[in-house]
Amino acid sequence: LMASLRAAWDDLIEGLALGARNMIGIGIATATAGIVVGTITLTGLGLMMTELVEFISGGNVILMLILIAAISLVLGMGIPTTANYILVATLMAPVVVDLGAQAGLPIPLIAVHLFVFYFGIMADITPPVGLAAFAAAAISKEDPIATGFQGALYSLRTAILPFVFIFNPAILLIGVDTWPQTIWVATVSLIAILLFSAATMNWFVTKSRLWESAALLLICFTLFRPDWWLNQVSPPYQELPASEFLSAVGQTPADG
């Protein structure tokens with residue numbers, strides 16, 4: 001019995017020592033990320049980044065979203081999940097809402113918060129910090145940077161989703177009120193993401209040709225955002241001079 005207890009004690013000590021050694025890399029990454037985040041928050045650089053996004057995007061929603069995603073990745077480096085959400089939601093979410101409204105694209109607030117939070121969390125697997133990648137590399141005994149790059153490469157296939165539910169909030173079940181609508185949205189979304197995965201992997205039943213992958217991407221885009229094609233035929237909004245506003249309101253049907 002004493003021999004078994006001694007062996008268990010030795011295993012415990014060895015495990016604690018091994019865990020401490022594996023945490024060295026994660027600790028260094030966390031400390032480095034803390035310096036970056038502290039610099040951004042204490043110097044007011046976060047607000048300057050917000051103004052920079054507004055200036056560079058010039059009202060272009062797609063460019064604005066790409067910039068917001070990149071900044072959210074930086075802001076999310078090495079901080080806990082709750083603090084991550086508070087930081088990106090405070091600094092980045094208002095920019096998305098304001099610029100979206102200026103571009104004539106009203107974006108639901110929950111979609112905006114999920115967008116910035118998604119990319120803030122992706123910082124955990126994105127080099128050079130990638131705390132989750134460091135933890136996984138410590139377990140697999142592989143290079144943490146290579147692990148991070150591989151994880152980021154795999155995650156790129158899902159990085160399209162935040163952009164999709166910005167333009168198509170129905171994926172978040174916003175405005176979906178009935179079970180048939182829910183089933184329809186879930187089915188179409190599942191088919192679209194399967195086609196997107198097949199296109200990015202160049203494999204659909206068999207290895208896809210270049211034009212086949214392009215066709216899959218086109219079908220995926222159509223399923224995710226069918227309103228884009230409809231808007232090319234009939235614009236969703238009509239611009240009128242301010243002097244014609246009252247007459248246009250008077251001609252609007254009672255049911256909208």
# chains A, B, ... in the order shown; residues from 1 in each chain; ligands from 1
>>> select_by_dssp(residues="region 95-250 of chain A", states="strand (DSSP E or B)", output="ChimeraX atom specification")
/A:203-204,206-207
>>> select_by_dssp(residues="region 34-254 of chain A", states="alpha helix (DSSP H)", output="PyMOL selection string")
chain A and resi 34-42+45-57+61-75+81-91+93-102+109-122+131-140+144-155+160-167+179-201+210-224+227-233+245-250
>>> closest_atom_pairs(of="region 150-209 of chain A", to="region 126-144 of chain A", cutoff="10 Å", atoms="only C-alpha atoms", output="tab-separated table")
residue	atom	partner	partner_atom	distance
A:Gln150	CA	A:Thr126	CA	9.1
A:Gly151	CA	A:Ala133	CA	7.4
A:Ala152	CA	A:Thr126	CA	5.5
A:Leu153	CA	A:Thr126	CA	9.1
A:Ser155	CA	A:Thr126	CA	9.3
>>> write_last_selection(atoms="N, CA and C atoms", output="tab-separated table (two decimals), in the first residue's frame")
chain	number	residue	atom	x	y	z
A	150	GLN	N	-2.04	26.35	-38.38
A	150	GLN	CA	-2.92	25.30	-38.89
A	150	GLN	C	-4.35	25.49	-38.37
A	151	GLY	N	-4.46	25.84	-37.08
A	151	GLY	CA	-5.79	26.09	-36.52
A	151	GLY	C	-6.46	27.29	-37.17
A	152	ALA	N	-5.68	28.34	-37.42
A	152	ALA	CA	-6.24	29.52	-38.07
A	152	ALA	C	-6.69	29.19	-39.49
A	153	LEU	N	-5.92	28.33	-40.18
A	153	LEU	CA	-6.29	27.94	-41.53
A	153	LEU	C	-7.62	27.19	-41.54
A	155	SER	N	-9.92	27.49	-39.31
A	155	SER	CA	-10.99	28.39	-38.86
A	155	SER	C	-11.41	29.38	-39.94
>>> atom_distance(atom1="CA of Gln102 (chain A)", atom2="CA of Ser57 (chain A)")
12.0 Å
>>> closest_atom_pairs(of="region 125-243 of chain A", to="region 91-101 of chain A", cutoff="12 Å", atoms="only C-alpha atoms", output="JSON lines")
{"residue": "A:Phe163", "atom": "CA", "partner": "A:Val96", "partner_atom": "CA", "distance": 11.7}
{"residue": "A:Ile166", "atom": "CA", "partner": "A:Gly100", "partner_atom": "CA", "distance": 9.7}
{"residue": "A:Phe167", "atom": "CA", "partner": "A:Gly100", "partner_atom": "CA", "distance": 10.2}
>>> atom_distance(atom1="CA of Ser234 (chain A)", atom2="CA of Leu161 (chain A)")
26.1 Å
>>> closest_residue(among="A:Met77, A:Ala103, A:Ala89, A:Ile160", to="Glu54 (chain A)", atoms="only C-alpha atoms")
A:Ala103
>>> atom_distance(atom1="CA of Gly34 (chain A)", atom2="CA of Phe149 (chain A)")
21.1 Å
>>> residues_around(residues="Ile68 (chain A)", least_positions_apart="2", cutoff="9 Å", atoms="only C-alpha atoms", output="list in words")
Thr50, Val53, Leu63, Met64, Leu65, Ile66, Ala70, Ile71, Ser72, Leu73, Met92, Ala93, Val95, Val96, Val116 and Phe119 of chain A
>>> closest_residue(among="A:Trp179, A:Ala199, A:Asn168, A:Arg6", to="Pro226 (chain A)", atoms="only C-alpha atoms")
A:Asn168
>>> residues_around(residues="region 180-185 of chain A", least_positions_apart="6", cutoff="8 Å", atoms="only C-alpha atoms", output="list of chain:residue names")
A:Ala170, A:Ile171, A:Leu173
>>> residues_around(residues="Ile191 (chain A)", least_positions_apart="5", cutoff="9 Å", atoms="only C-alpha atoms", output="list in words")
Ala186, Phe196, Cys220 and Leu223 of chain A
>>> write_last_selection(atoms="N, CA and C atoms", output="mmCIF file, in the first residue's frame")
data_model
loop_
_atom_site.group_PDB
_atom_site.id
_atom_site.type_symbol
_atom_site.label_atom_id
_atom_site.label_comp_id
_atom_site.auth_asym_id
_atom_site.auth_seq_id
_atom_site.Cartn_x
_atom_site.Cartn_y
_atom_site.Cartn_z
ATOM 1 N N ALA A 186 -32.700 26.737 -41.150
ATOM 2 C CA ALA A 186 -31.680 25.770 -40.736
ATOM 3 C C ALA A 186 -31.263 24.877 -41.900
ATOM 4 N N PHE A 196 -20.020 25.519 -49.108
ATOM 5 C CA PHE A 196 -18.856 26.381 -48.898
ATOM 6 C C PHE A 196 -17.639 25.554 -48.488
ATOM 7 N N CYS A 220 -23.467 28.898 -52.925
ATOM 8 C CA CYS A 220 -23.416 29.175 -51.486
ATOM 9 C C CYS A 220 -23.794 30.626 -51.205
ATOM 10 N N LEU A 223 -27.518 31.138 -51.623
ATOM 11 C CA LEU A 223 -28.312 30.594 -50.522
ATOM 12 C C LEU A 223 -28.190 31.456 -49.270
#
>>> closest_residue(among="A:Ile79, A:Ala111, A:Met2, A:Ile121", to="Gly38 (chain A)", atoms="only C-alpha atoms")
A:Ile79
